[in-house]
Every structure is written in C-alpha cells, then in structure tokens.
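Here's the structure, in structure tokens; my notes come after.
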Number of protein chains: 2
Amino acid sequence: MATAKLDTETRREQIADAALALLGSGGLAALSVSAVARRLGLVPSALYRHFRGKDRILDAVLDRIRDRLHDNLERSCAATDDALERLERLLDLHVALIRENRGIPRLVFSEATLGGSPERARRLFGIVESFVGGVAQIVRRGQEVGRVRADRDAETVAMAFLGIVQPAALLWHLSGGKFDVTRHGRRAWSMLRSEIEAVGQPVRPLPDGPRRNR
Amino acid sequence: MATAKLDTETRREQIADAALALLGSGGLAALSVSAVARRLGLVPSALYRHFRGKDRILDAVLDRIRDRLHDNLERSCAATDDALERLERLLDLHVALIRENRGIPRLVFSEATLGGSPERARRLFGIVESFVGGVAQIVRRGQEVGRVRADRDAETVAMAFLGIVQPAALLWHLSGGKFDVTRHGRRAWSMLRSEIEAVGQPVRPLPDGPRRNR
DNA sequence: CTATGATGTGAATTGCCATTCACATTGGAG
DNA sequence: CTCCAATGTGAATGGCAATTCACATCATAG
C-alpha cells in the first residue's frame, strides 16, 4: 500500500503523461482521476496533492501538447533553410507525433467538442493558432526568398497544411488504424507543394547579415 | 404534468433533433437522457418508450447526419453538371450545414475522441468514407470530361476538400465563432481549384445516351 | 537522531447519470 | 362508447465520478 513518495515536480509530469496516455487509449471518457491514479499505483485522493482538480490536470496536458508542437516547429526550422523542405519535415514530424500520441488529437477534438470550460477552449485556440502562425511564418519566409509563390496567402497555405493531417487523423482514428495516414500525407503534400512552389524564378538569397532563424 | 402523447415516429425525430441541438450547445458532455427529455418537456424514463437506450439515440443522430451529407451531395450534383461548380456548391452547402448544426462536427469529433463503442466508430467511418467517396466521384467525372486535371488523384483531392472545412470548423469552435469559416473556405477553395482545374484543353463532352446523374 | 512538512491512504460525501418498473393516462380502433 | 395498447410518470436503484478530510508515513533539514 505504501507507494514511494516523489517530489511534486516528478509527480506532476507523471500525472500529465498518464493522462495523455489514457486519452490516447480511451478518449476523454477514459480520463478519470481514479484512472490516472490507478495507472500510477496511487489512490485518487493522492493526485490532489499535486493538482487542484481534474481541470488543472487537463491544463498540464495542454501544456505538454503546446510544447511538443513548438518543438516540431523548431526542429523543422533547424534542419534546413529551405521553406518547402521545412514544411515537408514538419509534416513528417507532425504525423509521427499524432501517431505516437493518439491522445493529442483526441484532446484537441474533444475540447472543441466537449465545450468544456471556455477558458480552456481559448487556451487551446491559442495553441492551434500559434502553430498555424508558425507554419505561416515558414511560408512567408519562403516567399521572401522567392521559393514560394508570392501570390499565395500564407495563412491559407498554413491552414491547408493543417488540412492535410486533420481529416487523415480523423479517418485513421475512426478506422481503428486502418487508414494510411502516411501515404495520404505524402500524396496530399505533393499536391500542396506543387500548388505553392515558385517555378521558373531564380531563388533570391537572403540578404547578408545575421541569420534570421525565427 | 400531462404531456401530449405522440406517436413513436414523431417522438423519435424530436428526440434525435433535441439530441443534436444539445450536442451543438454543450457537446457530448451536455447530452444526457435527462437533458433531452427536459428539452422536450418529458421525463427521462419516457424516452425509453422510443429508444432502447442512449446509444440508440446517438445512432439516430448519426442517421440524420448521414442523410444531410447525402442530401448535400445530391443537391450539388443536381444544381450543375460542371465538376468544379459542383464542388464549390458542395463546399457552400457543407459550410452552411456545420454552421447551422454545430452538433454535427462535435459528434463527429467526439466519436473519434470518445472512443465510444467500436461499432459506432465503424458506422461513423462508413459515413465519412461515403461522403469522401461522393466527392471523389465528382472529381472523377470531372476528369472524364477533361474538366479536372487527369494527373490528380481523386481520393486525395476529396480529402483535401474535407481538409478545407475541418480545420476551419475546429478553429471556429475553439474561437467561439470568431474565426471566419466562410472567408477561409473561399480562399482555400480558390487555391484548391487552381490546383485541379484542367487548363488549355477543350472540354470533352459526355458521350450521348442516358444522362448519368450518379 | 528527530521533528516537521510534504506526500500518500482510506473512507465518506455528494451529485449526476442511465436504466427499470409499477402505475397512470390517453387516443383511437372497433 | 369502451377498451386496450401505446405513451407518459415518478420513484427507486446502482454505479461511478470528483472531491474532501482526518490520519498515516516518509524524506530530509537541522
């Protein structure tokens, strides 16, 4: 009965992870304080030492999702300077992320769905918006150097990018993993790519001076 | 206390409608047997005269959604023979549908989300798949008459079509209606259209004989 | 070593939910 | 008009959820 005592920081991480895993396996319905506690070998009331309540646990999960999305943006930008390659890499990372953490799309959708607290909806809106903004930023920088057609609206392209993954993720979930997200991702990306790639123009290099990485 | 008695057919429709409305206003969390009953001026146990349980009510809602999607496909096909115009019209209808029935995207997402009964997930998968199939069909027929570029994969185009609406609907929900779905739809569609429209080729008319409307 | 605050436990509370059932009412067939 | 099957009612049941609280135990600072 005596579970090892851990400091609050560690526990908070464990709890957020366990919650995300539960979301992945059974959706919001499976995410109860008891279930999270059970998964950690704790008793439900123990979680209240580390979180004020279930809502705060969800907030912590959202934080984790925000961080992962941000990581992917940074990694894809660090990997290459070419806008189109960045997008392609980001697509791969993003697909891998939601494949390995089914809880992420599930929470994103269910928050839109459950109409939970308006504050959390706003928070999630900020997260998605900031991700879309990051993608749009990549597009805009690609336009600056003549790599991406200048007559495309960066925000729209960014949404289309999201539109590659989202319906695919939905079908993947609904089909119980049968739908081939990766294959669809490749095809849809090749279509989007040919849609935005600037052709027949020499690439104008970035101006000299300090490298803008963001 | 004495609520008028209605035949089961009428009640079943009322119940499904009330459930869809509740989904729209508060998501799955707001959809309880009691809430549906209250909305109809009934007592919870009364619903069990018309549905075996909550699951069956959800099934009825899914039926309604399936019918509406199917209606939109048929209406857009009946309105014009041109594939691109059909798609544009379908997009308008689809946007209007989810704007006026917030419960639809919410149920679709929450089923993916809640991991509810596997059977219902399969049912929903079938519904979405059949809608995508209908869109792909429009694309293919456009390709047959040289209106749509033949080197595009019809299924991928259909998914991209879905990808216009889905992320927009998500942001719309999350932002509490602030995000402009219609505007985004127009922009994204104009991009997709220029991506798939066949250019510089004379349109090859349909062969003679009975008009294929499906 | 020991005392104290942080962490974990078990039981109790409260509330909502889906569902059932015995009973009441009603609308329409005959 | 009468009766019966269909429909609606109200109370009860059982389950599970989130949360609280008094108490136990541990880790570690001093």
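Chain lettering (A, B, ...) mirrors the order of the structure tokens, residue numbering begins at 1 for each chain separately, and ligand numbering begins at 1 in order of display.
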
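Within the 12 Å cut-off around DA29 in chain C, using only C-alpha atoms (C1' of nucleotides) and omitting residues fewer than 5 positions from it on the same chain, the listed residues are DC1, DT2, DC3, DC4 and DA5 of chain D.
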
Writing out the chosen residues with N, CA and C atoms (P, O5', C5', C4', C3', O3' and C1' of nucleotides) as a compact mmCIF listing (two decimals), in the first residue's frame:
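Generated output (result-v6.txt):
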```txt
# COMPACT_ATOMS: atom_id res chain seq x y z
P DC D 1 -70.15 8.99 -25.86
O5' DC D 1 -70.12 7.50 -25.32
C5' DC D 1 -71.30 6.69 -25.43
C4' DC D 1 -70.90 5.27 -25.19
C3' DC D 1 -69.91 5.08 -24.06
O3' DC D 1 -70.14 3.78 -23.51
C1' DC D 1 -68.88 4.46 -26.09
P DT D 2 -69.48 3.40 -22.06
O5' DT D 2 -68.59 2.13 -22.40
C5' DT D 2 -68.68 1.56 -23.72
C4' DT D 2 -67.61 0.50 -23.83
C3' DT D 2 -66.67 0.34 -22.64
O3' DT D 2 -66.18 -0.98 -22.70
C1' DT D 2 -65.43 1.21 -24.44
P DC D 3 -65.56 -1.68 -21.34
O5' DC D 3 -64.23 -2.33 -21.94
C5' DC D 3 -64.28 -2.90 -23.25
C4' DC D 3 -62.92 -2.75 -23.92
C3' DC D 3 -61.71 -3.06 -23.03
O3' DC D 3 -60.85 -3.88 -23.79
C1' DC D 3 -61.44 -0.95 -24.03
P DC D 4 -59.89 -4.88 -23.03
O5' DC D 4 -58.55 -4.73 -23.89
C5' DC D 4 -58.65 -4.51 -25.29
C4' DC D 4 -57.42 -3.74 -25.77
C3' DC D 4 -56.16 -4.04 -24.96
O3' DC D 4 -55.06 -3.99 -25.84
C1' DC D 4 -56.59 -1.74 -24.89
P DA D 5 -53.99 -5.17 -25.81
O5' DA D 5 -52.83 -4.57 -26.75
C5' DA D 5 -53.20 -3.95 -27.98
C4' DA D 5 -52.55 -2.58 -28.08
C3' DA D 5 -51.06 -2.55 -27.72
O3' DA D 5 -50.40 -1.81 -28.73
C1' DA D 5 -52.21 -0.91 -26.48
```

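The chain B residues that come within 8 Å of chain D are Ala2, Thr3, Lys5, Leu6, Asp7, Leu42, Val43, Ala46 and Arg49 of chain B, with only C-alpha atoms (C1' of nucleotides) taken into account.
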
Output C-alpha atoms for every residue in that selection, as a compact mmCIF listing (two decimals), in the first residue's frame.
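Result file follows (selection35.txt):
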```txt
# COMPACT_ATOMS: atom_id res chain seq x y z
CA ALA B 2 -49.57 15.52 -18.68
CA THR B 3 -47.57 15.92 -21.85
CA LYS B 5 -48.88 11.76 -26.39
CA LEU B 6 -47.32 11.49 -29.80
CA ASP B 7 -46.71 8.52 -31.99
CA LEU B 42 -40.78 14.87 -20.94
CA VAL B 43 -39.48 12.82 -18.12
CA ALA B 46 -40.31 8.40 -21.27
CA ARG B 49 -40.53 4.08 -24.88
```

For chain B versus chain C, which residues have an atom no more than 10 Å away, and what is each residue's nearest atom pair and distance in Å rounded to one decimal, using only C-alpha atoms (C1' of nucleotides), chain-then-number order, as a tab-separated table?
```
residue	atom	partner	partner_atom	distance
B:Ala2	CA	C:DT25	C1'	8.0
B:Thr3	CA	C:DT25	C1'	9.9
B:Ala4	CA	C:DT26	C1'	8.5
B:Lys5	CA	C:DT26	C1'	7.2
B:Leu6	CA	C:DG27	C1'	9.4
B:Ser32	CA	C:DC17	C1'	7.6
B:Val33	CA	C:DA18	C1'	7.5
B:Ser34	CA	C:DC17	C1'	8.6
B:Pro44	CA	C:DA18	C1'	9.4
B:Ser45	CA	C:DT19	C1'	8.1
B:Tyr48	CA	C:DT19	C1'	8.8
B:Arg52	CA	C:DT19	C1'	9.8
B:Gly53	CA	C:DA18	C1'	8.0
B:Lys54	CA	C:DA18	C1'	7.9
```

### Task
Quick one: pull the distance between CA of His70 in chain A and CA of Ile196 in chain A, Å, one decimal.
23.5 Å

#### Entry: Expected answer as a ChimeraX atom specification: chain A residues within 9 Å of chain B, only C-alpha atoms
/A:23-30,103,105-116,118,121-126,128-129,152-153,156-157,159-168,170-171,173-176,184,187-188,191-192,194-195

### Task
Can you check which residues of chain B DSSP gives as helix (DSSP H, G or I) on the backbone and send them as a PyMOL selection string?
chain B and resi 8-26+28-30+33-39+44-47+54-79+83-100+103-114+118-144+154-174+181-196

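CA of Val199 in chain B is found 12.5 Å from CA of Val145 in chain B.
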
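Rounded to one decimal, CA of Ser190 in chain B and CA of Phe131 in chain A lie 23.2 Å from each other.
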